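**Q** Take a look at this one; I'll ask things after.
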Amino acid sequence: MRSRILIEVWRHGWEVALAAILLAELVIFSVVVPDFFTSVSDTIRTTEQVVPIGLVAIGLSITLLSGGIDLSIGSVASASAAVMGILWASAGLNIWLAVVIALIASAGLGAANGVVVSYMRITPFVATLGTLFLYDSVATAILDSRGKPVYGFPQSFGFLGTGKVIGFLPLQLLVAAVICVAAAVLSTHTIFGRQLRMIGYSPAAARFSGVEIRRMQISVYTLSGLLSGVAGVVLAAYFGTTRAGIGAPVLLPAVTAAVLGGVSISGGSGSIVGVGLATLVVGYLQQGLLVNGIEPLTIQLVVAGLLVALMGFRINKDRVRLRGGLKLLRSK
Amino acid sequence: MSSRRIASIAAPSAEARSPAFLREIFLLIIAVLAYLIAGLAVQRALLTSQGIEASLQEAAVLVLVTVGQSIVILGRGLDLSVAPIMGFGAAVTGTVANVHHLPIILSALLAIGLGIVFGAVNGVLVVVARIPPIIATLSTLSAYGGLLFIYLLSPALRGTGDNQINSVPDNYYGFANHALVPLLRPPILIALVAVILVHLVLVLTKFGRSVYVVGGNPEAARTEGLRIGWIRFATYIAAGVLASLAGFVWVTYTGFADANTGTGTSIELLSVAAALVGGVTIAGGRGTVLGAAAASVFITVVGTLVVVANVEPIWQAGVAGILLLLAVWADTELRERRIRRRLALQQEAAEHVAPPATGGVRSDA
């Protein structure tokens, strides 16, 4: 039994390492910063801004696992918030109905990415770079059609952004946790998940095994669009307003979280749980440094350094091990 | 190893370049037509030599950044950090101009040196640490942005308390905004020279050919014994230098720079889009900087049109996005059609020729 646990720990080495880093961060900050954690409530509140990034990072990771990438996530989030805001403010729709339509629209934008990738056969990086610009324009145009900012959402909607369940647990975090677990299960314990990794690892092998690659790609990007849409709605609820480009700043942190979480940029390997942990690692680091009075752009520098250091370590660790293995082989 | 050998490996890309020449002319013609229409229909001021010079000057910045980006992409890389490098070039140029009263030429050299340093860091991360380019330069995008912010806020480093550049001395401003001959202000000249020089280096020199080989066919580059690491390293330095120079150009003609210069307009993504619209393929090894430069001019003109037509400026991005998808899609379709036609021809030829004797040398046409 004990050896089985050890094997599991070894197999999930990166996630364990991330969890350890997270723990170390929390301990260090609570020692160094006097009122970093005055209560459990504050502990969790500091994660609020991190949740949209995590949601988007999960969608991005699914596309990365499939061997693609989705750069349009930030723009889809903006578009989702814009559609929702306009439907509520200008068309006078019920806010939750507006949310549902916005999510459907986001999924549609994602599906369009999928069609461009699978049927027009444009490289995912290029395809979603194009739609990044396009969707951003569309989102801004939708908002401009109103001429004034959208704000003053009903309280029940604001609750999604700032509300607490059972007194202290942010609803945002709960939503993100549920989605993270669902995505993790989807990517590891289902046929969809297996095919997902397969087309990411070797499209040719997947084709020969009868995987319908085009259909998979469309579902993958639809899923990514949907999650970005959720992130957009959460952002709007959190800020209490919908403005142009609300989702743009989440793109690069989301890529950071996905990569730091151990998802391979060339597809086929990585874990959603790792991405969730990495989002928290980066989020707490930022919060901790902010509370310490460090400038946001300096924090950006620190996070970039962390990313480079960890990536360099991960990549070259394998290289060193490989070289060692080759030496061993030659010596025999 | 002879340079002729490299030329022969790089030949497929040279062959693929011929239709791209049409693209450059096509892009420029449409850009000129659109510009003319905007000038005639909406704003006559665009058609004065002043107006044209101002528009070209604006294009010069994107052209410089895109040319650098194209070099990296041709070598199968990517540089997302060009935006803050441009910002840094602008901020440092503005500072040394205002505080240290440096002559223009020294400021330009300083900007180039800065670009070399930042490019070298990218090169080390990609070549030595082997971090995938997108991740490495994404990190330096953040890191350089952070450094730029720290630099701008530090009176100790800059010798002044203001945290942005609000003006440049008259000799700088006059230099950038005074045409040497009509239509040719120095920023435009710098961009033009950079484009031609880079193109000639890429097409005529052994190094330039090597960039195409490393990007288009790394296996061949390895078997040829090309110094792949050094070549890729050099491409990042080139991108850094050109981005920093773009910042220099920007601050001399606008007299303004702050922590958002470059990153604020997402020039890191726009330059990738422009390179791809211009026919450079994201996998590397195919395309020319001439095409990339033409596409940059085109995209800048679209931006001008959008402003003139009183549409939201964000539509420049939208048009760039659609253009990118269409251009790349057309490329893919055309290339595939060409390959299919060639295969059909080969098959036809094979049917007419008697099967070769067993053991004969198979020739790969």
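Here's how to read the names in the structure tokens: chain A, B, ... by the order shown, residue numbers from 1 in each chain, ligand numbers from 1 in the order shown.
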Report as a PyMOL selection string the set of chain A residues whose atoms approach chain B to within 8 Å, with distances computed over only C-alpha atoms.
**A** chain A and resi 120-122+126-127+129-138+140-141+252+256+259+265+297-302+304-305+307-308+311-312+315-316
**Q** Let me see the file: selected residues, N, CA and C atoms, as a tab-separated table (two decimals), in the first residue's frame.
**A**
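again-v5.tsv, written as the output of this step:
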chain	number	residue	atom	x	y	z
A	120	MET	N	-10.46	24.61	-42.43
A	120	MET	CA	-9.61	25.46	-43.26
A	120	MET	C	-8.15	25.07	-43.12
A	121	ARG	N	-7.88	24.16	-42.21
A	121	ARG	CA	-6.54	23.62	-41.96
A	121	ARG	C	-5.49	24.70	-41.74
A	122	ILE	N	-5.86	25.70	-40.96
A	122	ILE	CA	-4.89	26.72	-40.59
A	122	ILE	C	-4.31	26.33	-39.23
A	126	VAL	N	-1.86	30.29	-35.65
A	126	VAL	CA	-2.20	31.35	-36.60
A	126	VAL	C	-3.70	31.62	-36.59
A	127	ALA	N	-4.49	30.55	-36.60
A	127	ALA	CA	-5.94	30.69	-36.66
A	127	ALA	C	-6.44	31.51	-35.48
A	129	LEU	N	-4.70	33.40	-33.50
A	129	LEU	CA	-4.14	34.77	-33.50
A	129	LEU	C	-5.05	35.68	-34.32
A	130	GLY	N	-5.52	35.15	-35.46
A	130	GLY	CA	-6.45	35.91	-36.28
A	130	GLY	C	-7.74	36.20	-35.55
A	131	THR	N	-8.31	35.18	-34.91
A	131	THR	CA	-9.59	35.40	-34.23
A	131	THR	C	-9.40	36.23	-32.96
A	132	LEU	N	-8.19	36.19	-32.38
A	132	LEU	CA	-7.92	37.07	-31.23
A	132	LEU	C	-8.21	38.51	-31.61
A	133	PHE	N	-7.67	38.93	-32.75
A	133	PHE	CA	-7.90	40.30	-33.21
A	133	PHE	C	-9.37	40.51	-33.58
A	134	LEU	N	-9.91	39.54	-34.32
A	134	LEU	CA	-11.27	39.67	-34.83
A	134	LEU	C	-12.30	39.76	-33.70
A	135	TYR	N	-12.23	38.79	-32.77
A	135	TYR	CA	-13.22	38.76	-31.68
A	135	TYR	C	-13.10	40.00	-30.80
A	136	ASP	N	-11.87	40.48	-30.62
A	136	ASP	CA	-11.67	41.68	-29.81
A	136	ASP	C	-12.39	42.86	-30.45
A	137	SER	N	-12.26	42.97	-31.77
A	137	SER	CA	-12.95	44.04	-32.49
A	137	SER	C	-14.46	43.90	-32.33
A	138	VAL	N	-14.94	42.67	-32.50
A	138	VAL	CA	-16.38	42.43	-32.40
A	138	VAL	C	-16.88	42.82	-31.02
A	140	THR	N	-15.61	44.91	-28.87
A	140	THR	CA	-15.60	46.36	-28.69
A	140	THR	C	-16.74	47.01	-29.46
A	141	ALA	N	-16.99	46.51	-30.67
A	141	ALA	CA	-18.07	47.08	-31.48
A	141	ALA	C	-19.41	46.87	-30.81
A	252	LEU	N	-1.98	36.11	-21.24
A	252	LEU	CA	-0.61	35.71	-20.96
A	252	LEU	C	-0.47	35.01	-19.60
A	256	THR	N	0.95	31.21	-18.93
A	256	THR	CA	1.91	30.94	-17.86
A	256	THR	C	1.41	29.81	-16.96
A	259	VAL	N	1.45	26.35	-18.74
A	259	VAL	CA	2.81	25.82	-18.94
A	259	VAL	C	3.44	25.43	-17.61
A	265	ILE	N	3.74	22.21	-24.42
A	265	ILE	CA	3.34	23.16	-25.44
A	265	ILE	C	3.21	22.46	-26.79
A	297	LEU	N	4.22	45.65	-11.64
A	297	LEU	CA	5.08	45.31	-12.77
A	297	LEU	C	6.38	44.64	-12.32
A	298	THR	N	6.77	44.92	-11.08
A	298	THR	CA	7.92	44.20	-10.52
A	298	THR	C	7.53	42.75	-10.27
A	299	ILE	N	6.29	42.57	-9.83
A	299	ILE	CA	5.78	41.22	-9.59
A	299	ILE	C	5.78	40.43	-10.89
A	300	GLN	N	5.40	41.12	-11.95
A	300	GLN	CA	5.41	40.52	-13.28
A	300	GLN	C	6.80	39.96	-13.59
A	301	LEU	N	7.81	40.73	-13.21
A	301	LEU	CA	9.20	40.33	-13.42
A	301	LEU	C	9.49	39.04	-12.65
A	302	VAL	N	9.03	39.01	-11.40
A	302	VAL	CA	9.28	37.84	-10.55
A	302	VAL	C	8.60	36.60	-11.15
A	304	ALA	N	7.75	36.07	-14.22
A	304	ALA	CA	8.45	35.67	-15.45
A	304	ALA	C	9.71	34.88	-15.11
A	305	GLY	N	10.44	35.37	-14.10
A	305	GLY	CA	11.65	34.67	-13.67
A	305	GLY	C	11.33	33.26	-13.21
A	307	LEU	N	8.80	31.43	-14.07
A	307	LEU	CA	8.40	30.59	-15.21
A	307	LEU	C	9.64	30.09	-15.95
A	308	VAL	N	10.57	31.00	-16.22
A	308	VAL	CA	11.78	30.61	-16.95
A	308	VAL	C	12.58	29.59	-16.15
A	311	MET	N	10.71	26.22	-16.09
A	311	MET	CA	10.73	25.58	-17.41
A	311	MET	C	12.12	25.07	-17.75
A	312	GLY	N	13.11	25.92	-17.49
A	312	GLY	CA	14.49	25.52	-17.76
A	312	GLY	C	14.82	24.26	-16.99
A	315	ILE	N	12.83	21.12	-18.50
A	315	ILE	CA	13.32	20.66	-19.80
A	315	ILE	C	14.70	20.04	-19.68
A	316	ASN	N	15.56	20.71	-18.91
A	316	ASN	CA	16.94	20.24	-18.87
A	316	ASN	C	17.14	19.07	-17.92
**Q** Neighbouring residues of Gly264 of chain B were defined as those with any atom within 10 Å, considering only C-alpha atoms; residues of the same chain fewer than 3 positions away were excluded. Please report them as a list in words.
**A**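 Non-adjacent residues within range: Ala83, Pro84, Gly87, Asp258, Ala259, Asn260, Thr261, Ile267 and Glu268 of chain B.
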**Q** Would you mind exporting the chosen residues as a JSON list (two decimals), in the first residue's frame, restricted to N, CA, C and O atoms?
**A**
[["chain", "number", "residue", "atom", "x", "y", "z"],
["B", 83, "ALA", "N", 7.69, 43.85, -28.06],
["B", 83, "ALA", "CA", 6.94, 45.03, -27.61],
["B", 83, "ALA", "C", 7.68, 45.80, -26.52],
["B", 83, "ALA", "O", 7.95, 47.00, -26.68],
["B", 84, "PRO", "N", 8.02, 45.14, -25.39],
["B", 84, "PRO", "CA", 8.77, 45.92, -24.39],
["B", 84, "PRO", "C", 10.17, 46.31, -24.84],
["B", 84, "PRO", "O", 10.70, 47.31, -24.35],
["B", 87, "GLY", "N", 9.59, 49.45, -26.38],
["B", 87, "GLY", "CA", 9.35, 50.43, -25.33],
["B", 87, "GLY", "C", 10.65, 50.89, -24.69],
["B", 87, "GLY", "O", 10.86, 52.08, -24.43],
["B", 258, "ASP", "N", 6.18, 55.81, -22.69],
["B", 258, "ASP", "CA", 5.95, 55.45, -21.30],
["B", 258, "ASP", "C", 6.02, 53.93, -21.17],
["B", 258, "ASP", "O", 6.46, 53.25, -22.09],
["B", 259, "ALA", "N", 5.59, 53.42, -20.01],
["B", 259, "ALA", "CA", 5.75, 51.98, -19.76],
["B", 259, "ALA", "C", 4.88, 51.15, -20.69],
["B", 259, "ALA", "O", 5.08, 49.94, -20.83],
["B", 260, "ASN", "N", 3.88, 51.78, -21.34],
["B", 260, "ASN", "CA", 3.00, 51.02, -22.24],
["B", 260, "ASN", "C", 3.38, 51.13, -23.71],
["B", 260, "ASN", "O", 2.69, 50.59, -24.56],
["B", 261, "THR", "N", 4.46, 51.86, -24.00],
["B", 261, "THR", "CA", 4.87, 51.98, -25.40],
["B", 261, "THR", "C", 5.23, 50.59, -25.93],
["B", 261, "THR", "O", 6.03, 49.88, -25.33],
["B", 267, "ILE", "N", 1.99, 45.26, -30.12],
["B", 267, "ILE", "CA", 2.77, 45.15, -31.34],
["B", 267, "ILE", "C", 3.43, 43.79, -31.45],
["B", 267, "ILE", "O", 3.78, 43.34, -32.55],
["B", 268, "GLU", "N", 3.57, 43.07, -30.32],
["B", 268, "GLU", "CA", 4.17, 41.73, -30.39],
["B", 268, "GLU", "C", 3.28, 40.79, -31.20],
["B", 268, "GLU", "O", 3.77, 39.96, -31.96]]
**Q** Kindly give the distance, in Å, that separates atom CA of Asn166 of chain B and atom CA of Ser266 of chain B, rounded to a single decimal.
**A**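 If I compute the distance from atom CA of Asn166 of chain B to atom CA of Ser266 of chain B, I get 21.2 Å.
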**Q** If we count only C-alpha atoms, what is near Val165 of chain A at a cut-off of 9 Å, once residues fewer than 5 positions away on the same chain are taken out, given as a list of chain:residue names?
**A**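 Contacts, with the query itself left out: A:Pro170, A:Leu171, A:Leu174.
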**Q** Filtering to C-alpha atoms, could you give me those residues as an mmCIF file, in the first residue's frame?
**A**
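Output (result.cif):
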data_model
loop_
_atom_site.group_PDB
_atom_site.id
_atom_site.type_symbol
_atom_site.label_atom_id
_atom_site.label_comp_id
_atom_site.auth_asym_id
_atom_site.auth_seq_id
_atom_site.Cartn_x
_atom_site.Cartn_y
_atom_site.Cartn_z
ATOM 1 C CA PRO A 170 -16.086 32.619 -2.604
ATOM 2 C CA LEU A 171 -18.664 31.394 -5.095
ATOM 3 C CA LEU A 174 -16.316 27.069 -5.944
#
**Q** How many Å separate atom CA of Leu103 of chain A from atom CA of Val273 of chain A?
**A** 23.7 Å
**Q** If you measure from atom CA of Ala258 of chain A to atom CA of Gly245 of chain A, what distance in Å do you get, rounded to one decimal?
**A** 21.5 Å
**Q** Compile the contact shell of Ile62 of chain A as a list of chain:residue names: residues with an atom at most 9 Å away, counting only C-alpha atoms, same-chain residues fewer than 3 positions apart removed.
**A** A:Ala57, A:Ile58, A:Gly59, A:Leu65, A:Ser66, A:Gly67, A:Gly68, A:Ile69, A:Ala183, A:Ser187, A:Leu196, A:Val220, A:Tyr221, A:Leu223, A:Ser224, A:Ile272
**Q** Write out the residues from the selection above, keeping N, CA and C atoms, as a PDB file, in the first residue's frame.
**A**
ATOM      1  N   ALA A  57      -7.235  29.260 -18.290  1.00  0.00           N
ATOM      2  CA  ALA A  57      -6.075  28.378 -18.412  1.00  0.00           C
ATOM      3  C   ALA A  57      -6.507  26.927 -18.622  1.00  0.00           C
ATOM      4  N   ILE A  58      -7.617  26.534 -18.002  1.00  0.00           N
ATOM      5  CA  ILE A  58      -8.099  25.161 -18.182  1.00  0.00           C
ATOM      6  C   ILE A  58      -8.515  24.945 -19.634  1.00  0.00           C
ATOM      7  N   GLY A  59      -9.270  25.905 -20.182  1.00  0.00           N
ATOM      8  CA  GLY A  59      -9.668  25.801 -21.585  1.00  0.00           C
ATOM      9  C   GLY A  59      -8.458  25.752 -22.503  1.00  0.00           C
ATOM     10  N   LEU A  65      -3.396  20.217 -24.931  1.00  0.00           N
ATOM     11  CA  LEU A  65      -3.337  18.752 -24.885  1.00  0.00           C
ATOM     12  C   LEU A  65      -3.642  18.159 -26.255  1.00  0.00           C
ATOM     13  N   SER A  66      -4.542  18.825 -27.003  1.00  0.00           N
ATOM     14  CA  SER A  66      -4.921  18.298 -28.315  1.00  0.00           C
ATOM     15  C   SER A  66      -3.876  18.635 -29.372  1.00  0.00           C
ATOM     16  N   GLY A  67      -2.771  19.248 -28.949  1.00  0.00           N
ATOM     17  CA  GLY A  67      -1.727  19.590 -29.907  1.00  0.00           C
ATOM     18  C   GLY A  67      -1.938  20.949 -30.546  1.00  0.00           C
ATOM     19  N   GLY A  68      -2.923  21.700 -30.066  1.00  0.00           N
ATOM     20  CA  GLY A  68      -3.177  23.033 -30.617  1.00  0.00           C
ATOM     21  C   GLY A  68      -2.840  24.105 -29.610  1.00  0.00           C
ATOM     22  N   ILE A  69      -3.442  25.252 -29.786  1.00  0.00           N
ATOM     23  CA  ILE A  69      -3.333  26.341 -28.806  1.00  0.00           C
ATOM     24  C   ILE A  69      -4.500  27.274 -29.101  1.00  0.00           C
ATOM     25  N   ALA A 183     -13.072  19.063 -15.580  1.00  0.00           N
ATOM     26  CA  ALA A 183     -12.163  19.023 -16.730  1.00  0.00           C
ATOM     27  C   ALA A 183     -11.069  17.984 -16.520  1.00  0.00           C
ATOM     28  N   SER A 187     -10.461  14.785 -18.870  1.00  0.00           N
ATOM     29  CA  SER A 187      -9.222  14.606 -19.632  1.00  0.00           C
ATOM     30  C   SER A 187      -8.465  13.340 -19.240  1.00  0.00           C
ATOM     31  N   LEU A 196      -8.233  12.912 -26.871  1.00  0.00           N
ATOM     32  CA  LEU A 196      -7.656  14.259 -26.801  1.00  0.00           C
ATOM     33  C   LEU A 196      -6.134  14.186 -26.758  1.00  0.00           C
ATOM     34  N   VAL A 220     -12.950  20.488 -28.926  1.00  0.00           N
ATOM     35  CA  VAL A 220     -11.909  21.045 -28.065  1.00  0.00           C
ATOM     36  C   VAL A 220     -11.988  22.568 -28.032  1.00  0.00           C
ATOM     37  N   TYR A 221     -12.091  23.184 -29.205  1.00  0.00           N
ATOM     38  CA  TYR A 221     -12.113  24.648 -29.228  1.00  0.00           C
ATOM     39  C   TYR A 221     -13.441  25.203 -28.730  1.00  0.00           C
ATOM     40  N   LEU A 223     -15.139  23.860 -26.307  1.00  0.00           N
ATOM     41  CA  LEU A 223     -14.987  23.777 -24.857  1.00  0.00           C
ATOM     42  C   LEU A 223     -14.162  24.958 -24.339  1.00  0.00           C
ATOM     43  N   SER A 224     -13.071  25.236 -25.053  1.00  0.00           N
ATOM     44  CA  SER A 224     -12.200  26.339 -24.655  1.00  0.00           C
ATOM     45  C   SER A 224     -12.956  27.671 -24.725  1.00  0.00           C
ATOM     46  N   ILE A 272      -4.654  18.691 -15.842  1.00  0.00           N
ATOM     47  CA  ILE A 272      -5.496  19.841 -15.513  1.00  0.00           C
ATOM     48  C   ILE A 272      -5.335  20.219 -14.042  1.00  0.00           C
TER      49      ILE A 272
END
**Q** Enumerate the residues of segment 6-219 of chain A with a DSSP assignment of strand (DSSP E), computed from the backbone, and present them as a VMD selection string.
**A** chain A and resid 150 to 151 164 to 165 169 to 170
**Q** According to DSSP computed on the backbone, where in segment 235-315 of chain B is there alpha helix (DSSP H)? Give the residues as a ChimeraX atom specification.
**A** /B:235-254,267-277,289-308,315
**Q** Ranking A:Leu277, A:Ala19, A:Ala237, A:Ala111 by minimum distance to Ile218 of chain A and counting only C-alpha atoms, which one comes first?
**A**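 So, comparing all the options, the nearest one is A:Ala111.
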**Q** Which of these residues is nearest to Val61 of chain B, using only C-alpha atoms: B:Ala275, B:Leu183, B:Gly285, B:Ala246?
**A**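 The shortest atom-to-atom distance to Val61 of chain B comes from B:Ala246.
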